[in-house]
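Asker: Sending over data.pdb (PDB, C-alpha atoms, pLDDT in the B column).
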```pdb
ATOM      1  CA  MET A   1     -26.375  95.149  -0.991  1.00 67.00           C
ATOM      2  CA  LEU A   2     -27.378  97.546  -3.749  1.00 76.00           C
ATOM      3  CA  GLU A   3     -25.141  98.129  -6.752  1.00 83.00           C
ATOM      4  CA  PRO A   4     -25.423 100.369  -9.831  1.00 84.00           C
ATOM      5  CA  GLY A   5     -26.777  98.547 -12.870  1.00 84.00           C
ATOM      6  CA  CYS A   6     -27.513  95.318 -10.980  1.00 84.00           C
ATOM      7  CA  PRO A   7     -29.322  92.847 -13.283  1.00 86.00           C
ATOM      8  CA  ARG A   8     -31.915  92.313 -10.516  1.00 82.00           C
ATOM      9  CA  PRO A   9     -33.989  95.536 -10.565  1.00 76.00           C
ATOM     10  CA  ARG A  10     -34.746  95.388  -6.823  1.00 75.00           C
ATOM     11  CA  TYR A  11     -31.023  95.715  -6.129  1.00 79.00           C
ATOM     12  CA  ASP A  12     -30.149  98.375  -8.703  1.00 82.00           C
ATOM     13  CA  LEU A  13     -28.701 101.270  -6.696  1.00 79.00           C
ATOM     14  CA  ILE A  14     -29.662 103.857  -9.311  1.00 81.00           C
ATOM     15  CA  ALA A  15     -33.284 102.702  -9.541  1.00 80.00           C
ATOM     16  CA  MET A  16     -33.559 102.420  -5.754  1.00 80.00           C
ATOM     17  CA  ASP A  17     -32.131 105.930  -5.332  1.00 81.00           C
ATOM     18  CA  THR A  18     -34.863 107.340  -7.575  1.00 83.00           C
ATOM     19  CA  GLN A  19     -37.592 105.416  -5.746  1.00 83.00           C
ATOM     20  CA  CYS A  20     -36.296 106.544  -2.347  1.00 84.00           C
ATOM     21  CA  ARG A  21     -36.173 110.201  -3.414  1.00 86.00           C
ATOM     22  CA  GLU A  22     -39.778 110.019  -4.603  1.00 89.00           C
ATOM     23  CA  SER A  23     -40.908 108.332  -1.387  1.00 88.00           C
ATOM     24  CA  LEU A  24     -39.104 110.865   0.785  1.00 89.00           C
ATOM     25  CA  GLN A  25     -40.659 113.784  -1.108  1.00 92.00           C
ATOM     26  CA  LEU A  26     -44.101 112.317  -0.403  1.00 93.00           C
ATOM     27  CA  ILE A  27     -43.291 111.789   3.278  1.00 91.00           C
ATOM     28  CA  TRP A  28     -41.878 115.292   3.711  1.00 92.00           C
ATOM     29  CA  GLY A  29     -44.793 116.756   1.744  1.00 95.00           C
ATOM     30  CA  ARG A  30     -47.179 115.209   4.276  1.00 96.00           C
ATOM     31  CA  GLY A  31     -45.482 116.934   7.188  1.00 95.00           C
ATOM     32  CA  GLU A  32     -42.747 114.543   8.314  1.00 94.00           C
ATOM     33  CA  PRO A  33     -39.794 116.730   9.339  1.00 95.00           C
ATOM     34  CA  ARG A  34     -36.883 116.765   6.910  1.00 92.00           C
ATOM     35  CA  PRO A  35     -33.484 116.297   8.620  1.00 91.00           C
ATOM     36  CA  ALA A  36     -31.696 119.647   8.945  1.00 93.00           C
ATOM     37  CA  GLU A  37     -28.459 118.018   7.728  1.00 93.00           C
ATOM     38  CA  LEU A  38     -29.999 117.777   4.256  1.00 91.00           C
ATOM     39  CA  ASP A  39     -30.164 121.575   4.035  1.00 91.00           C
ATOM     40  CA  GLN A  40     -26.380 121.736   3.632  1.00 93.00           C
ATOM     41  CA  GLU A  41     -25.180 122.248   0.066  1.00 94.00           C
ATOM     42  CA  GLY A  42     -24.501 118.935  -1.650  1.00 91.00           C
ATOM     43  CA  ALA A  43     -26.035 116.826   1.135  1.00 92.00           C
ATOM     44  CA  ARG A  44     -28.209 113.900   0.096  1.00 86.00           C
ATOM     45  CA  LEU A  45     -29.342 110.496   1.255  1.00 85.00           C
ATOM     46  CA  ILE A  46     -27.936 107.471  -0.529  1.00 82.00           C
ATOM     47  CA  PRO A  47     -29.577 104.043  -0.196  1.00 81.00           C
ATOM     48  CA  TRP A  48     -26.970 101.332   0.298  1.00 78.00           C
ATOM     49  CA  ALA A  49     -28.912  98.245   1.301  1.00 78.00           C
ATOM     50  CA  TYR A  50     -32.419  96.806   1.048  1.00 74.00           C
ATOM     51  CA  GLU A  51     -34.138  94.401   3.432  1.00 77.00           C
ATOM     52  CA  ASP A  52     -36.219  91.940   1.399  1.00 72.00           C
ATOM     53  CA  GLU A  53     -38.850  90.802   3.848  1.00 73.00           C
ATOM     54  CA  GLY A  54     -39.835  94.166   5.335  1.00 72.00           C
ATOM     55  CA  GLY A  55     -38.852  96.417   2.454  1.00 71.00           C
ATOM     56  CA  GLU A  56     -36.711  98.688   4.619  1.00 78.00           C
ATOM     57  CA  VAL A  57     -34.042 100.708   2.870  1.00 77.00           C
ATOM     58  CA  LEU A  58     -30.842 101.609   4.712  1.00 77.00           C
TER      59      LEU A  58
END
```
Turn the structure described in the file into structure tokens.

Answerer:
Amino acid sequence: MLEPGCPRPRYDLIAMDTQCRESLQLIWGRGEPRPAELDQEGARLIPWAYEDEGGEVL
């Protein structure tokens, strides 16, 4: 589980949020469709968990 300010950087929610935003911008910039739900005012994706072995972010 990710948490803000976690002493283990891989589980710091704030750091992971920044990394995920950057990754998504790259993906969307390369043509991957952006979910229409994110076009609503105030909508955003929030990472809440990280899978160690595969690196998947939920």

Asker: Report the distance between CA of Trp48 (chain A) and CA of Leu2 (chain A) in Å, rounded to one decimal place.

Answerer: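 The value is 5.6 Å.
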
Asker: Rounded to one decimal, what separation in Å do you get between CA of Glu37 (chain A) and CA of Gly54 (chain A)?

Answerer: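 For CA of Glu37 (chain A) relative to CA of Gly54 (chain A), the distance reads 26.5 Å.
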
Asker: Rounded to one decimal in Å, what is the spacing between CA of Ala15 (chain A) and CA of Gln40 (chain A)?

Answerer: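 According to the coordinates, CA of Ala15 (chain A) and CA of Gln40 (chain A) are separated by 24.2 Å.
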
Asker: Residue by residue, what does the PyMOL selection byres ((chain A and resi 20-32) around 12) grab here? Present the result as a list in words.

Answerer: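 Evaluating the PyMOL selection byres ((chain A and resi 20-32) around 12) on this file yields Leu13, Ile14, Ala15, Met16, Asp17, Thr18, Gln19, Pro33, Arg34, Pro35, Leu38, Arg44, Leu45, Ile46, Pro47, Trp48, Ala49, Tyr50, Gly55, Glu56, Val57 and Leu58 of chain A.
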
Asker: Is it possible to get the axis-aligned box enclosing region 12-30 of chain A (all listed atoms, 5 Å extra per side) as AutoDock Vina command-line options, with centre and edge lengths in Å rounded to one decimal?

Answerer:
```
--center_x -37.9 --center_y 107.6 --center_z -2.6 --size_x 28.5 --size_y 28.4 --size_z 23.8
```

Asker: Can I get all heavy atoms for region 24-35 of chain A, as a CSV table (one decimal), in the first residue's frame?

Answerer:
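Result written to decode.csv:
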```csv
chain,number,residue,atom,x,y,z
A,24,LEU,N,2.1,8.5,-17.6
A,24,LEU,CA,0.9,8.6,-18.4
A,24,LEU,C,1.0,9.7,-19.5
A,24,LEU,O,0.5,9.5,-20.6
A,24,LEU,CB,-0.3,8.9,-17.4
A,24,LEU,CG,-0.7,7.7,-16.5
A,24,LEU,CD1,-1.7,8.2,-15.5
A,24,LEU,CD2,-1.3,6.6,-17.4
A,25,GLN,N,1.6,10.8,-19.2
A,25,GLN,CA,1.8,11.8,-20.2
A,25,GLN,C,2.6,11.3,-21.4
A,25,GLN,O,2.2,11.6,-22.6
A,25,GLN,CB,2.4,13.1,-19.6
A,25,GLN,CG,1.6,13.8,-18.6
A,25,GLN,CD,0.2,14.3,-19.2
A,25,GLN,OE1,0.1,14.7,-20.4
A,25,GLN,NE2,-0.8,14.1,-18.4
A,26,LEU,N,3.6,10.5,-21.1
A,26,LEU,CA,4.4,9.9,-22.2
A,26,LEU,C,3.5,8.9,-23.0
A,26,LEU,O,3.5,8.9,-24.2
A,26,LEU,CB,5.6,9.1,-21.6
A,26,LEU,CG,6.7,10.0,-21.1
A,26,LEU,CD1,7.8,9.1,-20.4
A,26,LEU,CD2,7.4,10.8,-22.3
A,27,ILE,N,2.8,8.1,-22.3
A,27,ILE,CA,1.9,7.1,-23.0
A,27,ILE,C,0.9,7.8,-23.8
A,27,ILE,O,0.7,7.4,-25.0
A,27,ILE,CB,1.2,6.2,-21.9
A,27,ILE,CG1,2.3,5.3,-21.3
A,27,ILE,CG2,0.1,5.3,-22.5
A,27,ILE,CD1,1.8,4.5,-20.1
A,28,TRP,N,0.2,8.8,-23.3
A,28,TRP,CA,-0.9,9.5,-24.0
A,28,TRP,C,-0.2,10.3,-25.2
A,28,TRP,O,-0.8,10.4,-26.2
A,28,TRP,CB,-1.7,10.4,-23.1
A,28,TRP,CG,-2.5,9.6,-22.1
A,28,TRP,CD1,-3.0,8.3,-22.3
A,28,TRP,CD2,-2.9,10.0,-20.8
A,28,TRP,NE1,-3.7,7.9,-21.1
A,28,TRP,CE2,-3.6,8.9,-20.2
A,28,TRP,CE3,-2.7,11.1,-20.1
A,28,TRP,CZ2,-4.1,9.0,-19.0
A,28,TRP,CZ3,-3.2,11.2,-18.8
A,28,TRP,CH2,-3.9,10.1,-18.3
A,29,GLY,N,1.0,10.8,-25.0
A,29,GLY,CA,1.7,11.5,-26.0
A,29,GLY,C,2.0,10.6,-27.2
A,29,GLY,O,2.2,11.1,-28.3
A,30,ARG,N,2.1,9.4,-27.0
A,30,ARG,CA,2.5,8.4,-28.0
A,30,ARG,C,1.3,7.8,-28.7
A,30,ARG,O,1.4,6.9,-29.5
A,30,ARG,CB,3.4,7.3,-27.5
A,30,ARG,CG,4.7,7.8,-27.0
A,30,ARG,CD,5.6,6.7,-26.5
A,30,ARG,NE,6.9,7.2,-26.1
A,30,ARG,CZ,7.6,6.7,-25.2
A,30,ARG,NH1,7.2,5.6,-24.6
A,30,ARG,NH2,8.8,7.2,-24.9
A,31,GLY,N,0.1,8.3,-28.4
A,31,GLY,CA,-1.1,7.9,-29.0
A,31,GLY,C,-2.1,7.0,-28.3
A,31,GLY,O,-3.1,6.6,-28.8
A,32,GLU,N,-1.7,6.5,-27.1
A,32,GLU,CA,-2.6,5.7,-26.3
A,32,GLU,C,-3.8,6.6,-25.9
A,32,GLU,O,-3.6,7.7,-25.5
A,32,GLU,CB,-1.9,5.2,-25.0
A,32,GLU,CG,-2.7,4.3,-24.2
A,32,GLU,CD,-3.0,2.9,-24.8
A,32,GLU,OE1,-2.1,2.5,-25.6
A,32,GLU,OE2,-4.0,2.3,-24.4
A,33,PRO,N,-5.0,6.1,-26.1
A,33,PRO,CA,-6.2,6.9,-25.8
A,33,PRO,C,-6.3,7.2,-24.3
A,33,PRO,O,-6.1,6.4,-23.5
A,33,PRO,CB,-7.4,6.1,-26.3
A,33,PRO,CG,-6.9,4.7,-26.6
A,33,PRO,CD,-5.4,4.8,-26.6
A,34,ARG,N,-6.6,8.5,-24.0
A,34,ARG,CA,-6.8,9.0,-22.7
A,34,ARG,C,-8.3,8.7,-22.3
A,34,ARG,O,-9.1,9.0,-23.1
A,34,ARG,CB,-6.5,10.4,-22.6
A,34,ARG,CG,-6.6,11.0,-21.2
A,34,ARG,CD,-6.4,12.5,-21.3
A,34,ARG,NE,-7.1,13.2,-20.2
A,34,ARG,CZ,-6.4,13.9,-19.3
A,34,ARG,NH1,-5.2,14.1,-19.4
A,34,ARG,NH2,-7.1,14.4,-18.3
A,35,PRO,N,-8.5,8.1,-21.1
A,35,PRO,CA,-9.9,7.9,-20.7
A,35,PRO,C,-10.7,9.1,-20.7
A,35,PRO,O,-10.3,10.2,-20.2
A,35,PRO,CB,-9.8,7.3,-19.3
A,35,PRO,CG,-8.4,6.7,-19.3
A,35,PRO,CD,-7.6,7.6,-20.1
```
